[in-house]
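*Asks:* File my_file.txt follows (compact mmCIF, C-alpha atoms):
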# COMPACT_ATOMS: atom_id res chain seq x y z
CA MET A 1 91.02 91.28 -40.11
CA SER A 2 89.48 90.78 -36.68
CA GLU A 3 86.14 89.73 -38.19
CA ILE A 4 87.92 87.27 -40.52
CA SER A 5 89.92 85.92 -37.60
CA HIS A 6 86.78 85.36 -35.53
CA THR A 7 85.07 83.69 -38.49
CA SER A 8 88.01 81.38 -39.11
CA ARG A 9 88.15 80.48 -35.42
CA GLY A 10 84.46 79.64 -35.51
CA TRP A 11 84.87 77.36 -38.49
CA LEU A 12 87.97 75.81 -36.97
CA ALA A 13 86.06 75.06 -33.75
CA PHE A 14 83.14 73.64 -35.75
CA PHE A 15 85.32 71.34 -37.82
CA GLY A 16 87.28 70.50 -34.67
CA LEU A 17 84.11 69.14 -33.04
CA ILE A 18 83.42 67.01 -36.10
CA ASP A 19 87.03 65.82 -36.00
CA CYS A 20 86.55 64.75 -32.36
CA VAL A 21 83.53 62.61 -33.26
CA LEU A 22 85.21 61.07 -36.30
CA LEU A 23 88.43 60.37 -34.42
CA VAL A 24 86.56 58.59 -31.64
CA MET A 25 84.57 56.53 -34.14
CA PHE A 26 87.69 55.71 -36.16
CA ALA A 27 89.76 54.66 -33.14
CA VAL A 28 86.97 52.51 -31.68
CA SER A 29 86.09 50.85 -34.99
CA LEU A 30 89.76 50.26 -35.83
CA GLY A 31 90.40 48.67 -32.43
CA MET A 32 87.30 46.50 -32.80
CA THR A 33 88.15 45.53 -36.39
CA LEU A 34 91.61 44.37 -35.34
CA THR A 35 90.14 42.26 -32.53
CA LEU A 36 86.46 41.29 -32.46
CA GLY A 37 86.18 42.06 -36.16
CA THR A 38 88.83 39.47 -37.02
CA PRO A 39 87.07 36.05 -37.10
CA LYS A 40 90.30 34.02 -36.91
CA SER A 41 91.35 35.88 -33.79
CA VAL A 42 87.95 35.44 -32.14
CA SER A 43 87.90 31.75 -33.04
CA HIS A 44 91.40 31.30 -31.59
CA GLN A 45 90.37 32.92 -28.32
CA LEU A 46 87.19 30.83 -28.02
CA GLN A 47 89.17 27.64 -28.65
CA SER A 48 91.62 28.41 -25.85
CA ALA A 49 91.04 27.84 -22.15
CA PRO A 50 89.03 28.75 -20.15
CA ALA A 51 86.52 29.67 -22.90
CA SER A 52 86.73 26.29 -24.64
CA THR A 53 86.34 24.47 -21.32
CA LYS A 54 83.25 26.46 -20.40
CA LEU A 55 81.69 25.94 -23.82
CA HIS A 56 82.47 22.23 -23.61
CA GLN A 57 80.88 21.92 -20.18
CA THR A 58 77.82 23.92 -21.22
CA ILE A 59 77.19 21.83 -24.34
CA ASN A 60 77.49 18.56 -22.43
CA THR A 61 75.32 19.78 -19.55
CA ASN A 62 72.58 20.85 -21.95
CA LEU A 63 72.73 17.54 -23.82
CA VAL A 64 72.44 15.55 -20.60
CA LYS A 65 69.38 17.59 -19.64
CA LYS A 66 67.83 16.94 -23.05
CA ALA A 67 68.60 13.22 -22.69
CA ASN A 68 66.91 13.11 -19.29
CA LEU A 69 63.85 14.85 -20.72
CA ALA A 70 63.79 12.21 -23.46
CA GLY A 71 63.80 9.48 -20.81
CA ILE A 72 67.41 8.39 -21.36
CA GLU A 73 69.40 7.49 -18.26
CA LEU A 74 73.14 8.18 -18.39
CA PRO A 75 76.09 7.69 -16.02
CA ALA A 76 77.24 10.62 -13.92
CA ASN A 77 79.07 13.37 -15.87
CA PRO A 78 79.07 11.69 -19.30
CA GLN A 79 81.14 13.29 -22.07
CA LEU A 80 78.76 13.21 -25.01
CA VAL A 81 80.74 15.77 -27.00
CA SER A 82 84.53 15.89 -26.79
CA LEU A 83 86.58 19.01 -26.24
CA LYS A 84 88.02 18.62 -29.74
CA GLN A 85 84.53 18.54 -31.24
CA THR A 86 83.58 21.63 -29.21
CA LYS A 87 86.55 23.51 -30.63
CA GLN A 88 85.73 22.41 -34.17
CA LEU A 89 82.09 23.45 -33.77
CA THR A 90 83.16 26.82 -32.35
CA ASP A 91 85.53 27.48 -35.23
CA GLN A 92 82.93 26.50 -37.82
CA ALA A 93 80.29 28.71 -36.17
CA VAL A 94 82.52 31.80 -35.99
CA MET A 95 83.76 31.49 -39.57
CA ALA A 96 80.31 30.73 -40.96
CA SER A 97 78.64 33.63 -39.17
CA ALA A 98 81.37 36.02 -40.34
CA ASP A 99 80.49 35.00 -43.92
CA PHE A 100 76.72 35.44 -43.27
CA GLN A 101 76.10 31.68 -43.37
CA LYS A 102 73.09 30.83 -41.21
CA THR A 103 73.47 27.05 -41.15
CA LEU A 104 76.14 24.54 -40.15
CA ASP A 105 76.67 20.97 -41.27
CA THR A 106 76.33 18.97 -38.04
CA THR A 107 76.03 15.56 -39.70
CA ALA A 108 79.35 14.22 -38.38
CA LEU A 109 78.70 15.61 -34.90
CA VAL A 110 75.20 14.09 -34.77
CA THR A 111 76.57 10.70 -35.85
CA SER A 112 79.23 10.83 -33.15
CA LEU A 113 76.69 12.00 -30.55
CA THR A 114 74.34 9.14 -31.40
CA THR A 115 77.14 6.63 -30.84
CA ARG A 116 78.21 8.26 -27.56
CA ILE A 117 74.69 8.30 -26.13
CA ASN A 118 74.19 4.61 -26.88
CA GLN A 119 77.61 3.76 -25.42
CA GLN A 120 77.04 5.75 -22.24
CA ALA A 121 73.52 4.36 -21.76
CA ALA A 122 74.80 0.82 -22.29
CA LYS A 123 77.14 1.25 -19.31
CA ILE A 124 74.16 1.22 -16.98
CA GLY A 125 72.31 -1.45 -18.94
CA GLN A 126 69.95 0.79 -20.86
CA HIS A 127 69.17 0.73 -24.56
CA PRO A 128 67.19 3.92 -25.28
CA GLY A 129 66.25 3.20 -28.88
CA ALA A 130 66.69 5.28 -32.00
CA SER A 131 63.67 7.56 -31.46
CA ARG A 132 64.77 8.78 -28.03
CA VAL A 133 68.34 9.30 -29.15
CA LYS A 134 67.11 11.23 -32.15
CA GLN A 135 65.26 13.63 -29.84
CA VAL A 136 68.59 14.58 -28.24
CA THR A 137 70.56 14.85 -31.47
CA GLN A 138 67.73 16.84 -33.05
CA SER A 139 67.77 19.25 -30.10
CA LEU A 140 71.50 19.86 -30.72
CA SER A 141 70.84 20.55 -34.41
CA ASP A 142 67.95 22.86 -33.49
CA ASP A 143 70.10 24.75 -30.95
CA VAL A 144 72.86 25.28 -33.52
CA LEU A 145 70.32 26.39 -36.13
CA THR A 146 68.73 28.85 -33.69
CA LEU A 147 72.13 30.28 -32.78
CA MET A 148 73.09 30.78 -36.42
CA GLN A 149 69.76 32.25 -37.52
CA SER A 150 68.67 34.40 -34.58
CA GLY A 151 71.52 34.49 -32.06
CA TRP A 152 75.14 35.59 -32.03
CA GLY A 153 75.77 33.83 -35.35
CA ALA A 154 73.21 35.98 -37.14
CA ALA A 155 74.63 39.22 -35.71
CA TYR A 156 78.38 38.60 -35.96
CA GLY A 157 78.71 38.91 -39.74
CA MET A 158 76.89 42.25 -39.74
CA LEU A 159 78.97 43.39 -36.76
CA VAL A 160 82.21 42.66 -38.63
CA LEU A 161 80.96 44.44 -41.74
CA MET A 162 79.83 47.49 -39.74
CA MET A 163 83.19 47.80 -37.96
CA GLN A 164 85.17 47.51 -41.19
CA THR A 165 82.91 49.98 -43.00
CA THR A 166 83.00 52.47 -40.13
CA THR A 167 86.80 52.34 -40.07
CA ILE A 168 87.08 53.11 -43.78
CA VAL A 169 84.36 55.77 -43.89
CA THR A 170 85.58 57.66 -40.81
CA ALA A 171 89.15 57.59 -42.14
CA VAL A 172 88.07 59.16 -45.44
CA LEU A 173 85.82 61.74 -43.76
CA GLY A 174 88.58 62.47 -41.25
CA VAL A 175 91.02 63.38 -44.00
CA ILE A 176 88.44 65.71 -45.55
CA ILE A 177 87.77 67.40 -42.19
CA LEU A 178 91.50 67.85 -41.59
CA LEU A 179 91.80 69.60 -44.94
CA LEU A 180 88.93 71.91 -44.02
CA MET A 181 90.53 72.57 -40.64
CA ARG A 182 93.79 73.48 -42.35
CA LEU A 183 91.96 75.98 -44.55
CA SER A 184 90.14 77.43 -41.54
CA ALA A 185 93.33 77.69 -39.47
CA HIS A 186 95.15 79.83 -42.11
CA SER A 187 98.52 78.65 -40.74
CA TRP A 188 100.32 75.39 -40.06
CA PRO A 189 101.19 76.18 -36.41
CA ARG A 190 97.58 76.87 -35.53
CA PHE A 191 96.32 73.83 -37.42
CA LEU A 192 98.87 71.49 -35.84
CA ARG A 193 98.30 72.89 -32.37
CA VAL A 194 94.51 72.47 -32.47
CA THR A 195 94.44 69.06 -34.18
CA GLY A 196 97.32 67.81 -32.05
CA ARG A 197 95.57 68.70 -28.81
CA ILE A 198 92.31 67.15 -29.97
CA THR A 199 94.12 63.98 -31.00
CA TYR A 200 96.09 63.33 -27.84
CA ILE A 201 93.15 64.22 -25.56
CA ILE A 202 90.96 61.70 -27.42
CA GLY A 203 93.80 59.17 -27.18
CA ILE A 204 94.15 59.63 -23.43
CA GLY A 205 90.42 59.19 -22.97
CA GLY A 206 90.44 56.04 -25.10
CA GLY A 207 93.41 54.63 -23.22
CA MET A 208 91.73 55.17 -19.86
CA LEU A 209 88.54 53.54 -21.13
CA SER A 210 90.40 50.51 -22.53
CA MET A 211 92.13 50.04 -19.19
CA ALA A 212 88.86 50.41 -17.28
CA VAL A 213 86.94 47.77 -19.26
CA ALA A 214 89.82 45.33 -18.76
CA VAL A 215 89.31 45.30 -14.97
CA PRO A 216 88.10 41.74 -14.17
CA GLN A 217 85.67 42.99 -11.53
CA LEU A 218 83.93 45.07 -14.18
CA SER A 219 83.79 42.64 -17.12
CA GLY A 220 83.71 39.37 -15.17
CA ASN A 221 79.91 39.03 -15.24
CA TRP A 222 79.29 40.27 -18.77
CA SER A 223 77.71 37.77 -21.10
CA ILE A 224 76.13 37.40 -24.52
CA VAL A 225 73.06 35.41 -25.49
CA GLY A 226 73.80 31.70 -25.60
CA ALA A 227 77.33 31.94 -24.16
CA PRO A 228 78.49 31.10 -20.62
CA VAL A 229 79.52 33.89 -18.27
CA GLY A 230 83.24 34.57 -18.58
CA ILE A 231 83.52 34.29 -22.36
CA VAL A 232 83.17 38.06 -22.87
CA SER A 233 85.62 38.73 -20.05
CA GLN A 234 88.25 36.47 -21.65
CA LEU A 235 87.88 38.26 -24.99
CA ILE A 236 88.22 41.66 -23.31
CA GLN A 237 91.26 40.58 -21.31
CA ALA A 238 92.89 39.27 -24.49
CA TYR A 239 92.11 42.30 -26.63
CA ALA A 240 92.48 45.17 -24.14
CA PRO A 241 96.28 45.44 -24.67
CA LEU A 242 95.78 45.99 -28.41
CA TRP A 243 93.08 48.61 -27.74
CA GLN A 244 95.52 50.33 -25.40
CA HIS A 245 98.20 50.26 -28.12
CA VAL A 246 95.78 51.90 -30.57
CA ALA A 247 95.08 54.61 -27.98
CA GLY A 248 98.82 54.99 -27.40
CA VAL A 249 99.48 55.51 -31.11
CA VAL A 250 96.76 58.18 -31.19
CA ILE A 251 98.37 59.93 -28.20
CA VAL A 252 101.82 59.87 -29.82
CA ILE A 253 100.46 61.26 -33.10
CA GLY A 254 98.70 64.05 -31.20
CA LEU A 255 101.80 64.95 -29.19
CA VAL A 256 103.96 65.00 -32.32
CA MET A 257 101.52 67.31 -34.09
CA ALA A 258 101.31 69.62 -31.09
CA GLY A 259 105.10 69.65 -30.81
CA LEU A 260 105.51 70.47 -34.50
CA SER A 261 103.18 73.45 -34.08
CA TYR A 262 105.62 75.07 -31.65
CA LEU A 263 108.55 74.21 -33.93
CA PHE A 264 106.84 75.90 -36.88
CA ARG A 265 105.95 78.93 -34.75
CA ASN A 266 109.52 79.35 -33.54
CA LYS A 267 110.84 79.17 -37.11
CA GLN A 268 108.40 81.85 -38.21
CA LYS A 269 109.67 84.13 -35.46
Let me see whether you can do it: turn the structure in this file into structure tokens.

*Replies:*
Amino acid sequence: MSEISHTSRGWLAFFGLIDCVLLVMFAVSLGMTLTLGTPKSVSHQLQSAPASTKLHQTINTNLVKKANLAGIELPANPQLVSLKQTKQLTDQAVMASADFQKTLDTTALVTSLTTRINQQAAKIGQHPGASRVKQVTQSLSDDVLTLMQSGWGAAYGMLVLMMQTTTIVTAVLGVIILLLMRLSAHSWPRFLRVTGRITYIIGIGGGMLSMAVAVPQLSGNWSIVGAPVGIVSQLIQAYAPLWQHVAGVVIVIGLVMAGLSYLFRNKQK
């Protein structure tokens, strides 16, 4: 009996380690799927201030620089692209990249930009000509194309797919491991006690991590390629509460399981 008990404990510990890894992967992927892995949610956050304002300023600043390089003089702080157009472009980019689309139709934006450049240049008595204006509008189209094909746009769709797949796969494997742990435990009290403790310890660790990354001093300078500093911080600040809720649910489940183990043990006595 002693040898069997030691063997079962060994298997229970082994499957318990696997359960730890799967639980961490499941909780992280689930939290990411519900937030960064939800294109509509990401688009909504990027269209709200201050992210939309920063994106708007960055696009206009880059266009003015391109205009200057093309020899086009403009008034101080011209608004070549409106905030509404920035939001529309952001929404189109997020949704397209989530569906693995690597191009965007910028025809309407280019037409509007052409008109705005000519209007702004006319204010200081300059008429740049179609070829110079086209250099600026073409640079915008090239920037969007580069973003969709080799930047964040190219990676986002795969990121969403990976998070969703990881959530499903770890959930299925987790159920299988729990069944093997139950067989190794040979009793419900032992199974519930071990799995309960593993679960709430992982939940506490996840909760502490989700609170740590939400500290502005830590995430304030994080950035992604092609996006202004502060965008990542806004997303983290918006999504951290949901990550903390996921961790809280894991903690509660673990505590309930651990509590039931003592209830079962007392009944057996």

*Asks:* Using all atoms listed in the file, determine which residues lie at most 6 Å from region 57-72 of chain A, disregarding the query and same-chain residues fewer than 2 positions distant; provide the list as a PyMOL selection string.

*Replies:* chain A and resi 54-55+128+132+136

*Asks:* As a PDB file with C-alpha atoms, in the frame of the given file, please: the residues near Lys40 (chain A) (cut-off 12 Å, only C-alpha atoms, same-chain neighbours under 5 positions excluded).

*Replies:*
ATOM      1  CA  THR A  33      88.150  45.530 -36.390  1.00  0.00           C
ATOM      2  CA  LEU A  34      91.610  44.370 -35.340  1.00  0.00           C
ATOM      3  CA  THR A  35      90.140  42.260 -32.530  1.00  0.00           C
ATOM      4  CA  GLN A  45      90.370  32.920 -28.320  1.00  0.00           C
ATOM      5  CA  LEU A  46      87.190  30.830 -28.020  1.00  0.00           C
ATOM      6  CA  GLN A  47      89.170  27.640 -28.650  1.00  0.00           C
ATOM      7  CA  THR A  90      83.160  26.820 -32.350  1.00  0.00           C
ATOM      8  CA  ASP A  91      85.530  27.480 -35.230  1.00  0.00           C
ATOM      9  CA  GLN A  92      82.930  26.500 -37.820  1.00  0.00           C
ATOM     10  CA  ALA A  93      80.290  28.710 -36.170  1.00  0.00           C
ATOM     11  CA  VAL A  94      82.520  31.800 -35.990  1.00  0.00           C
ATOM     12  CA  MET A  95      83.760  31.490 -39.570  1.00  0.00           C
ATOM     13  CA  ALA A  96      80.310  30.730 -40.960  1.00  0.00           C
ATOM     14  CA  SER A  97      78.640  33.630 -39.170  1.00  0.00           C
ATOM     15  CA  ALA A  98      81.370  36.020 -40.340  1.00  0.00           C
ATOM     16  CA  VAL A 160      82.210  42.660 -38.630  1.00  0.00           C
TER      17      VAL A 160
END

*Asks:* Hey, can I get the axis-aligned box for region 165-174 of chain A? All listed atoms, 4 Å padding on each side, centre and edge lengths in Å to one decimal, as JSON.

*Replies:*
{"center_x": 86.0, "center_y": 56.2, "center_z": -42.8, "size_x": 14.2, "size_y": 20.5, "size_z": 13.4}

*Asks:* So that I can check the surroundings of Trp222 (chain A), please list as a list in words every protein, DNA and RNA residue that reaches within 8 Å of it, counting all atoms listed in the file and ignoring chain neighbours fewer than 3 positions away.

*Replies:*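 Listed by chain and then number, they are Ser219, Val229, Gly230, Val232 and Ser233 of chain A.
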
*Asks:* With distances taken over only C-alpha atoms, which residue among A:Gly153, A:Pro228, A:Gly220, A:Gly254 lies nearest Arg197 (chain A)?

*Replies:*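 So, comparing all the options, the nearest one is A:Gly254.
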
*Asks:* Could you list as an NGL selection string every residue that has an atom within 12 Å of (96.4, 52.7, -28.3), using the file's coordinates and counting all atoms listed in the file?

*Replies:* :A and (24 or 27-28 or 30-32 or 34 or 199-200 or 202-211 or 239-254)

*Asks:* Once you count all atoms listed in the file, which residues end up no further than 6 Å from (90.3, 43.9, -18.9) in the file's frame, shown as a list in words?

*Replies:* Val213, Ala214, Val215, Pro216, Ile236, Gln237 and Ala240 of chain A
